[in-house]
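What follows is protein24.txt (compact mmCIF, C-alpha atoms and all ligand atoms).
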# COMPACT_ATOMS: atom_id res chain seq x y z
CA MET B 1 119.67 119.09 23.68
CA LYS B 2 121.90 120.37 26.46
CA LEU B 3 125.24 118.81 27.37
CA GLY B 4 127.19 119.06 30.63
CA PHE B 5 130.92 118.40 31.12
CA ILE B 6 132.59 117.89 34.50
CA SER B 7 135.91 116.49 35.72
CA ASP B 8 138.29 116.32 38.67
CA LEU B 9 135.78 115.87 41.48
CA HIS B 10 138.31 113.65 43.28
CA LEU B 11 135.56 112.06 45.38
CA SER B 12 136.87 110.52 48.59
CA GLU B 13 135.80 109.69 52.13
CA ASN B 14 137.83 112.71 53.29
CA MET B 15 135.65 115.22 51.43
CA PRO B 16 132.00 114.28 52.07
CA SER B 17 130.87 117.81 51.12
CA VAL B 18 132.05 117.26 47.53
CA THR B 19 130.25 113.91 47.29
CA GLU B 20 127.10 115.55 48.62
CA GLY B 21 127.57 118.41 46.16
CA PHE B 22 127.86 115.93 43.30
CA PHE B 23 124.66 114.15 44.33
CA ASN B 24 122.87 117.52 44.54
CA PHE B 25 124.23 118.39 41.11
CA LEU B 26 122.82 115.12 39.71
CA ASN B 27 119.44 115.84 41.30
CA ASN B 28 119.25 119.49 40.26
CA ALA B 29 121.50 120.99 37.55
CA ALA B 30 121.87 117.71 35.68
CA GLN B 31 118.09 117.39 35.39
CA GLU B 32 118.05 119.97 32.61
CA LEU B 33 120.77 118.09 30.70
CA SER B 34 120.30 115.42 28.05
CA HIS B 35 123.93 114.21 28.27
CA LEU B 36 126.53 114.38 31.04
CA TYR B 37 130.21 113.78 30.23
CA ILE B 38 132.56 113.00 33.12
CA LEU B 39 136.10 113.65 31.87
CA GLY B 40 138.09 111.74 34.47
CA ASP B 41 139.21 111.91 38.09
CA LEU B 42 135.68 111.51 39.34
CA PHE B 43 137.37 109.61 42.19
CA GLU B 44 140.47 110.46 44.19
CA ALA B 45 141.54 106.85 43.67
CA TRP B 46 139.72 103.88 42.13
CA ILE B 47 141.38 100.62 43.09
CA GLY B 48 139.13 98.23 41.17
CA ASP B 49 135.48 97.52 40.42
CA ASP B 50 135.30 95.07 43.33
CA ASP B 51 135.67 98.01 45.76
CA ASN B 52 132.67 97.57 48.05
CA SER B 53 133.14 100.78 50.05
CA GLU B 54 130.12 102.90 50.88
CA LEU B 55 131.49 105.74 48.75
CA ALA B 56 131.93 103.61 45.63
CA THR B 57 128.49 102.03 46.06
CA ASN B 58 126.72 105.35 46.67
CA VAL B 59 128.33 107.07 43.70
CA MET B 60 127.43 104.25 41.29
CA GLN B 61 123.87 104.14 42.65
CA ASN B 62 123.39 107.90 42.35
CA ILE B 63 124.69 108.04 38.77
CA ASN B 64 122.51 105.07 37.88
CA HIS B 65 119.49 106.74 39.45
CA SER B 66 120.02 109.93 37.43
CA THR B 67 120.10 107.92 34.18
CA ARG B 68 116.72 106.37 35.04
CA ASN B 69 115.20 109.82 34.50
CA GLY B 70 116.59 110.04 30.97
CA LEU B 71 120.08 111.49 31.47
CA GLU B 72 122.76 109.77 29.35
CA VAL B 73 126.11 109.60 31.17
CA PHE B 74 129.56 109.11 29.61
CA PHE B 75 132.93 108.64 31.27
CA ILE B 76 136.55 109.12 30.19
CA HIS B 77 139.22 107.77 32.52
CA GLY B 78 141.48 110.08 34.52
CA ASN B 79 144.87 109.27 36.03
CA ARG B 80 143.14 108.59 39.37
CA ASP B 81 140.37 106.32 38.12
CA PHE B 82 141.85 104.60 35.08
CA LEU B 83 140.82 101.29 36.66
CA CYS B 84 137.09 102.04 36.42
CA GLY B 85 135.99 99.08 34.34
CA ARG B 86 133.01 97.33 32.86
CA ASN B 87 131.36 96.53 36.18
CA PHE B 88 131.65 100.13 37.30
CA ALA B 89 130.06 101.19 34.00
CA LYS B 90 127.29 98.63 34.31
CA LYS B 91 126.44 99.48 37.90
CA SER B 92 126.44 103.21 37.09
CA ASN B 93 124.57 102.67 33.81
CA LEU B 94 127.08 104.85 31.98
CA LYS B 95 129.15 104.44 28.83
CA LEU B 96 132.96 104.37 28.87
CA LEU B 97 134.57 106.45 26.12
CA PRO B 98 138.12 106.34 24.75
CA ASP B 99 140.53 109.25 25.29
CA PRO B 100 140.39 111.29 23.08
CA PHE B 101 136.76 111.05 22.02
CA PHE B 102 135.45 112.99 19.02
CA MET B 103 131.88 114.13 18.52
CA ASN B 104 129.88 116.55 16.41
CA PHE B 105 127.45 118.96 18.03
CA TYR B 106 125.50 121.20 15.64
CA ASP B 107 128.28 122.63 13.44
CA LEU B 108 131.10 122.05 15.95
CA LYS B 109 133.66 119.24 15.82
CA ILE B 110 134.53 118.60 19.46
CA ALA B 111 137.27 116.53 21.13
CA LEU B 112 137.01 115.37 24.76
CA SER B 113 139.97 114.24 26.84
CA HIS B 114 141.06 113.95 30.45
CA GLY B 115 143.98 116.17 29.47
CA ASP B 116 147.04 114.45 30.93
CA ASP B 117 148.27 113.44 27.47
CA PHE B 118 148.82 117.10 26.60
CA CYS B 119 151.35 117.47 29.45
CA THR B 120 154.16 116.29 27.23
CA ASN B 121 157.00 117.80 29.30
CA ASP B 122 156.18 115.66 32.34
CA LEU B 123 158.47 112.81 31.38
CA LYS B 124 158.30 111.03 34.76
CA TYR B 125 154.51 110.95 34.58
CA ILE B 126 154.54 109.68 30.98
CA GLU B 127 156.81 106.81 32.06
CA PHE B 128 154.59 106.07 35.08
CA LYS B 129 151.45 106.11 32.93
CA LYS B 130 152.95 103.68 30.42
CA GLU B 131 153.64 101.24 33.25
CA VAL B 132 150.27 101.36 35.03
CA ARG B 133 148.18 101.35 31.86
CA SER B 134 149.74 98.10 30.62
CA SER B 135 147.39 95.12 30.92
CA GLU B 136 150.22 93.16 32.54
CA TRP B 137 150.57 95.68 35.41
CA GLN B 138 146.81 96.00 35.83
CA GLU B 139 146.24 92.23 35.99
CA LYS B 140 148.90 91.88 38.68
CA PHE B 141 147.53 94.84 40.64
CA LEU B 142 143.93 93.61 40.53
CA GLU B 143 144.97 90.16 41.82
CA LYS B 144 146.02 91.76 45.11
CA SER B 145 143.65 92.09 48.05
CA LEU B 146 141.64 95.31 48.41
CA ASN B 147 143.70 96.23 51.47
CA GLU B 148 146.98 95.80 49.64
CA ARG B 149 145.68 97.86 46.72
CA LEU B 150 144.57 100.62 49.08
CA LYS B 151 148.05 100.72 50.58
CA ILE B 152 149.76 100.87 47.17
CA ALA B 153 147.42 103.62 45.99
CA SER B 154 148.06 105.61 49.17
CA ASN B 155 151.86 105.17 48.82
CA MET B 156 151.63 106.26 45.21
CA ARG B 157 149.71 109.38 46.27
CA ASP B 158 152.56 110.22 48.65
CA VAL B 159 155.16 109.67 45.90
CA SER B 160 153.14 111.80 43.49
CA GLN B 161 152.68 114.62 45.99
CA ALA B 162 156.36 114.64 46.93
CA ASP B 163 157.39 114.55 43.28
CA ASN B 164 155.00 117.31 42.27
CA LYS B 165 156.52 119.66 44.87
CA ASN B 166 159.82 119.44 43.00
CA LYS B 167 158.33 119.81 39.56
CA ASP B 168 158.23 123.15 37.83
CA LYS B 169 154.57 124.28 37.70
CA SER B 170 154.71 124.62 33.91
CA ILE B 171 155.62 120.93 33.58
CA MET B 172 152.23 120.05 35.05
CA ASP B 173 150.34 122.13 32.49
CA VAL B 174 149.65 121.27 28.86
CA THR B 175 152.35 122.22 26.38
CA PRO B 176 151.26 124.69 23.67
CA LYS B 177 152.97 122.50 21.06
CA ALA B 178 150.89 119.43 21.99
CA ILE B 179 147.69 121.49 21.83
CA ASP B 180 148.57 123.09 18.47
CA GLN B 181 149.44 119.71 16.99
CA PHE B 182 146.21 118.17 18.24
CA PHE B 183 144.07 120.95 16.72
CA ALA B 184 145.95 120.70 13.42
CA GLU B 185 145.83 116.91 13.23
CA HIS B 186 142.14 116.47 14.07
CA ARG B 187 140.76 119.73 12.65
CA ILE B 188 138.50 120.28 15.65
CA ASP B 189 136.74 123.49 16.66
CA LEU B 190 136.57 122.81 20.38
CA LEU B 191 138.69 120.82 22.84
CA ILE B 192 137.32 120.16 26.33
CA HIS B 193 139.56 118.70 29.03
CA GLY B 194 140.36 118.69 32.75
CA HIS B 195 143.34 117.39 34.78
CA THR B 196 145.32 120.62 35.13
CA HIS B 197 142.81 122.24 37.52
CA ARG B 198 143.22 125.55 35.66
CA PRO B 199 139.65 126.37 34.57
CA LYS B 200 139.60 128.76 31.65
CA THR B 201 138.32 129.26 28.11
CA HIS B 202 141.22 129.77 25.71
CA HIS B 203 140.39 131.24 22.32
CA THR B 204 143.08 130.72 19.70
CA SER B 205 143.20 131.00 15.94
CA ALA B 206 143.04 127.18 15.72
CA GLY B 207 139.91 126.90 17.87
CA THR B 208 138.65 127.02 21.44
CA ARG B 209 140.04 125.03 24.38
CA ILE B 210 137.93 124.86 27.53
CA VAL B 211 139.63 123.61 30.69
CA LEU B 212 137.25 122.37 33.40
CA GLY B 213 137.81 123.11 37.07
CA ASP B 214 138.25 120.78 40.03
CA TRP B 215 135.61 120.44 42.74
CA TYR B 216 136.54 121.50 46.26
CA LYS B 217 134.57 124.32 47.90
CA THR B 218 132.97 125.03 44.54
CA GLY B 219 132.07 122.81 41.60
CA TRP B 220 132.48 123.45 37.87
CA CYS B 221 130.44 122.44 34.86
CA LEU B 222 130.58 123.42 31.22
CA PHE B 223 127.04 123.70 29.86
CA LEU B 224 126.76 123.48 26.10
CA ASP B 225 123.71 123.93 23.90
CA ASP B 226 123.08 125.35 20.45
CA GLN B 227 123.19 128.88 21.88
CA GLN B 228 126.18 129.02 24.19
CA GLN B 229 129.24 127.56 25.92
CA ASP B 230 128.91 128.38 29.57
CA LEU B 231 131.73 127.39 31.95
CA THR B 232 130.03 127.78 35.33
CA GLU B 233 131.36 127.72 38.89
CA PHE B 234 128.90 127.06 41.71
CA LYS B 235 128.95 126.68 45.50
CA LEU B 236 128.91 123.13 46.85
O1 LIG B 301 147.38 113.03 40.72
P1 LIG B 301 148.16 114.28 40.86
O2 LIG B 301 147.41 115.47 40.43
O3 LIG B 301 148.75 114.43 42.23
O4 LIG B 301 149.40 114.16 39.91
C1 LIG B 301 149.26 113.67 38.60
C2 LIG B 301 150.35 112.65 38.36
N1 LIG B 301 150.33 111.62 39.39
C3 LIG B 301 149.64 110.47 39.24
C4 LIG B 301 149.75 109.47 40.36
C5 LIG B 301 148.46 109.45 41.14
O5 LIG B 301 148.30 110.65 41.89
C6 LIG B 301 148.54 108.28 42.12
C7 LIG B 301 147.21 107.87 42.60
C8 LIG B 301 146.60 106.91 41.67
C9 LIG B 301 145.39 106.30 42.27
C10 LIG B 301 144.94 105.14 41.42
C11 LIG B 301 144.80 103.95 42.26
C12 LIG B 301 145.04 102.67 41.56
C13 LIG B 301 146.39 102.45 41.01
C14 LIG B 301 147.56 102.58 41.95
C15 LIG B 301 148.73 103.22 41.23
C16 LIG B 301 150.05 102.85 41.77
O6 LIG B 301 148.92 110.24 38.28
C17 LIG B 301 151.69 113.33 38.39
C18 LIG B 301 151.69 114.46 37.39
C19 LIG B 301 150.56 115.44 37.69
O7 LIG B 301 149.31 114.71 37.66
C20 LIG B 301 150.43 116.58 36.71
O8 LIG B 301 150.18 116.12 35.40
O9 LIG B 301 152.92 115.14 37.44
O10 LIG B 301 152.68 112.39 38.00
C21 LIG B 301 153.42 111.79 38.99
O11 LIG B 301 153.37 112.16 40.13
C22 LIG B 301 154.29 110.68 38.55
C23 LIG B 301 155.62 110.77 39.24
O12 LIG B 301 156.30 111.95 38.87
C24 LIG B 301 156.47 109.55 38.91
C25 LIG B 301 156.26 108.48 39.89
C26 LIG B 301 157.24 107.39 39.68
C27 LIG B 301 156.96 106.33 40.68
C28 LIG B 301 157.64 105.07 40.28
C29 LIG B 301 156.98 103.90 40.92
C30 LIG B 301 156.20 103.14 39.92
C31 LIG B 301 155.68 101.91 40.52
C32 LIG B 301 154.37 101.50 39.95
C33 LIG B 301 153.24 101.58 40.92
C34 LIG B 301 153.40 100.82 42.18
MN MN B 302 144.01 114.07 36.46
Produce C-alpha cells that represent the structure in this file.
Ligand code: LP5
Ligand code: MN
Amino acid sequence: MKLGFISDLHLSENMPSVTEGFFNFLNNAAQELSHLYILGDLFEAWIGDDDNSELATNVMQNINHSTRNGLEVFFIHGNRDFLCGRNFAKKSNLKLLPDPFFMNFYDLKIALSHGDDFCTNDLKYIEFKKEVRSSEWQEKFLEKSLNERLKIASNMRDVSQADNKNKDKSIMDVTPKAIDQFFAEHRIDLLIHGHTHRPKTHHTSAGTRIVLGDWYKTGWCLFLDDQQQDLTEFKL
C-alpha cells in the first residue's frame, strides 16, 4: 500500500503547464499509488458542479480515468474549491472527505486537513469563511448564472489579493497554539495539510506535521508507505 498526498495545484486556464503536469502525474507517479488524497485547492476557483468549461471537464475525466486502473482518490475541500459537490465527485469517481479527516495507517494515527482552519489569527478570513460556507449563501450563489458566478469569483480574488498584501505574513500561517491544541485533542502522530504554501516537515514533541507545497513550476507530493514519509518536489 502506498499513499500520495497533494494540494494547492490551483488549476486554471491561465496555467496550462500545471494542468498538463497534473495529468502526467496521474499517468506516471500516481500509477504506483493505491490511494491519492487531494487536500484542497485543486482548482484556482470552482464556481459550481454545472461548470462546463473544458478545464473542469478534462480534470474530472482524467481523475476518473486514473481510478479505472485501481487508484482510489479522495478529496478535501480547499478555500478555492469548497463548492466541489456530489456531481463533481461522481464525474471524477472520487470520494469527498470531511475536514479534518482521521485515518490509521500501520501504527500511525493521521489527520488530514486543507489547513486554513489552523490560521486562527486571520480573523477577516474566518468571518468570510463562515459566510460563504453557510448553505444559505451557497444556495443563493449557485442560483446565479455561470457568468455572474465567474465575475463574483474574480472580484473576490481581487479583494483577497489586495487584502493579503496588507496582512502580516504570519497571520497567513498556522498558529502554533492551534496546532498544539489539535495534536493534544486528537492524539494524532501525523498531521498533513496544505493551504499555506510553505512545504516542510515539522518534527515536534507532540508529533509530525507535514505541509504540502503548491504547484507552479514544480509539483509536490508526499509519498507514504510502511517504510517512509517522502515529501517530494518534481519538475512539471
Ligand atoms: O486564496 P488566497 O490564498 O489568495 O487567500 C486565502 C484567503 N482568501 C480566500 C478568498 C479566495 O481567494 C477567493 C476565491 C474563491 C474562489 C471560489 C469561487 C466560488 C465562490 C466565490 C466566493 C465569493 O479564501 C485569504 C486568507 C489567505 O488564504 C491565507 O489564509 O487570508 O482570506 C481573505 O482574503 C479574506 C479577506 O481577508 C476578507 C474578505 C472580505 C470580503 C467581504 C465580502 C464578502 C462577500 C461575500 C462574497 C461575495
Ligand atoms: Mn487554500
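Around ligand LIG 301 (chain B), using all atoms listed in the file and a cut-off of 6 Å, the residues in contact are B:Ala45, B:Trp46, B:Ile47, B:Asn79, B:Arg80, B:Asp81, B:Asp116, B:Lys124, B:Tyr125, B:Phe128, B:Ile152, B:Ala153, B:Met156, B:Arg157, B:Ser160, B:Gln161, B:Asp163, B:Asn164, B:Met172.
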*asked:* What does the structure give for the distance between CA of Asp168 (chain B) and CA of Glu44 (chain B), in Å to one decimal?
replied: 22.7 Å
*Produce as number ranges by chain the set of residues near ligand MN 302 (chain B), where near means within 12 Å with all atoms listed in the file considered.*
B: 7-10, 38-45, 76-82, 113-119, 125, 129, 160, 172-174, 193-198, 211-214
Selection to disk with C-alpha atoms, as a PDB file, keeping the file's coordinate frame:
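Below is the file result.pdb, written as the result:
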ATOM      1  CA  SER B   7     135.910 116.490  35.720  1.00  0.00           C
ATOM      2  CA  ASP B   8     138.290 116.320  38.670  1.00  0.00           C
ATOM      3  CA  LEU B   9     135.780 115.870  41.480  1.00  0.00           C
ATOM      4  CA  HIS B  10     138.310 113.650  43.280  1.00  0.00           C
ATOM      5  CA  ILE B  38     132.560 113.000  33.120  1.00  0.00           C
ATOM      6  CA  LEU B  39     136.100 113.650  31.870  1.00  0.00           C
ATOM      7  CA  GLY B  40     138.090 111.740  34.470  1.00  0.00           C
ATOM      8  CA  ASP B  41     139.210 111.910  38.090  1.00  0.00           C
ATOM      9  CA  LEU B  42     135.680 111.510  39.340  1.00  0.00           C
ATOM     10  CA  PHE B  43     137.370 109.610  42.190  1.00  0.00           C
ATOM     11  CA  GLU B  44     140.470 110.460  44.190  1.00  0.00           C
ATOM     12  CA  ALA B  45     141.540 106.850  43.670  1.00  0.00           C
ATOM     13  CA  ILE B  76     136.550 109.120  30.190  1.00  0.00           C
ATOM     14  CA  HIS B  77     139.220 107.770  32.520  1.00  0.00           C
ATOM     15  CA  GLY B  78     141.480 110.080  34.520  1.00  0.00           C
ATOM     16  CA  ASN B  79     144.870 109.270  36.030  1.00  0.00           C
ATOM     17  CA  ARG B  80     143.140 108.590  39.370  1.00  0.00           C
ATOM     18  CA  ASP B  81     140.370 106.320  38.120  1.00  0.00           C
ATOM     19  CA  PHE B  82     141.850 104.600  35.080  1.00  0.00           C
ATOM     20  CA  SER B 113     139.970 114.240  26.840  1.00  0.00           C
ATOM     21  CA  HIS B 114     141.060 113.950  30.450  1.00  0.00           C
ATOM     22  CA  GLY B 115     143.980 116.170  29.470  1.00  0.00           C
ATOM     23  CA  ASP B 116     147.040 114.450  30.930  1.00  0.00           C
ATOM     24  CA  ASP B 117     148.270 113.440  27.470  1.00  0.00           C
ATOM     25  CA  PHE B 118     148.820 117.100  26.600  1.00  0.00           C
ATOM     26  CA  CYS B 119     151.350 117.470  29.450  1.00  0.00           C
ATOM     27  CA  TYR B 125     154.510 110.950  34.580  1.00  0.00           C
ATOM     28  CA  LYS B 129     151.450 106.110  32.930  1.00  0.00           C
ATOM     29  CA  SER B 160     153.140 111.800  43.490  1.00  0.00           C
ATOM     30  CA  MET B 172     152.230 120.050  35.050  1.00  0.00           C
ATOM     31  CA  ASP B 173     150.340 122.130  32.490  1.00  0.00           C
ATOM     32  CA  VAL B 174     149.650 121.270  28.860  1.00  0.00           C
ATOM     33  CA  HIS B 193     139.560 118.700  29.030  1.00  0.00           C
ATOM     34  CA  GLY B 194     140.360 118.690  32.750  1.00  0.00           C
ATOM     35  CA  HIS B 195     143.340 117.390  34.780  1.00  0.00           C
ATOM     36  CA  THR B 196     145.320 120.620  35.130  1.00  0.00           C
ATOM     37  CA  HIS B 197     142.810 122.240  37.520  1.00  0.00           C
ATOM     38  CA  ARG B 198     143.220 125.550  35.660  1.00  0.00           C
ATOM     39  CA  VAL B 211     139.630 123.610  30.690  1.00  0.00           C
ATOM     40  CA  LEU B 212     137.250 122.370  33.400  1.00  0.00           C
ATOM     41  CA  GLY B 213     137.810 123.110  37.070  1.00  0.00           C
ATOM     42  CA  ASP B 214     138.250 120.780  40.030  1.00  0.00           C
TER      43      ASP B 214
END
*From the set B:His202, B:Trp220, B:Gly48, B:Ile6, which residue has the shortest atom-to-atom contact distance to Lys144 (chain B), counting only C-alpha atoms?*
B:Gly48
Closest-contact table, region 136-203 of chain B side, partner region 86-108 of chain B, 9 Å, counting all atoms listed in the file, as CSV:
residue,atom,partner,partner_atom,distance
B:Ile188,CA,B:Leu108,CA,7.6
B:Asp189,CA,B:Leu108,CA,5.9
B:Leu190,CA,B:Leu108,CA,7.1
For the residues in the current selection, export C-alpha atoms as a compact mmCIF listing (two decimals), in the frame of the given file.
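Generated output (result_13.txt):
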# COMPACT_ATOMS: atom_id res chain seq x y z
CA ILE B 188 138.50 120.28 15.65
CA ASP B 189 136.74 123.49 16.66
CA LEU B 190 136.57 122.81 20.38
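Interatomic distance, CA of Gln181 (chain B) against CA of Asn121 (chain B): 14.6 Å.
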*Coordinates-based distance that separates CA of Ser170 (chain B) from CA of Thr218 (chain B) (Å, one decimal)*: 24.2 Å
_If we count only C-alpha atoms and set the cut-off at 7 Å, which residues sit around region 224-232 of chain B, ignoring sequence neighbours fewer than 5 positions away in its own chain? Please answer as a VMD selection string._
chain B and resid 1 to 4 106
_Contacts of Ser145 (chain B) within 12 Å, all atoms listed in the file, excl. fewer than 3 positions in-chain, as a ChimeraX atom specification_ = /B:47-48,50-51,140-142,148-152
_Applying 10 Å and all atoms listed in the file, which residues near region 20-22 of chain B remain after dropping the ones on its own chain fewer than 5 positions away? List them as a PyMOL selection string._
chain B and resi 9+11+15+27-30+42+59+62-63+215-219+234-236
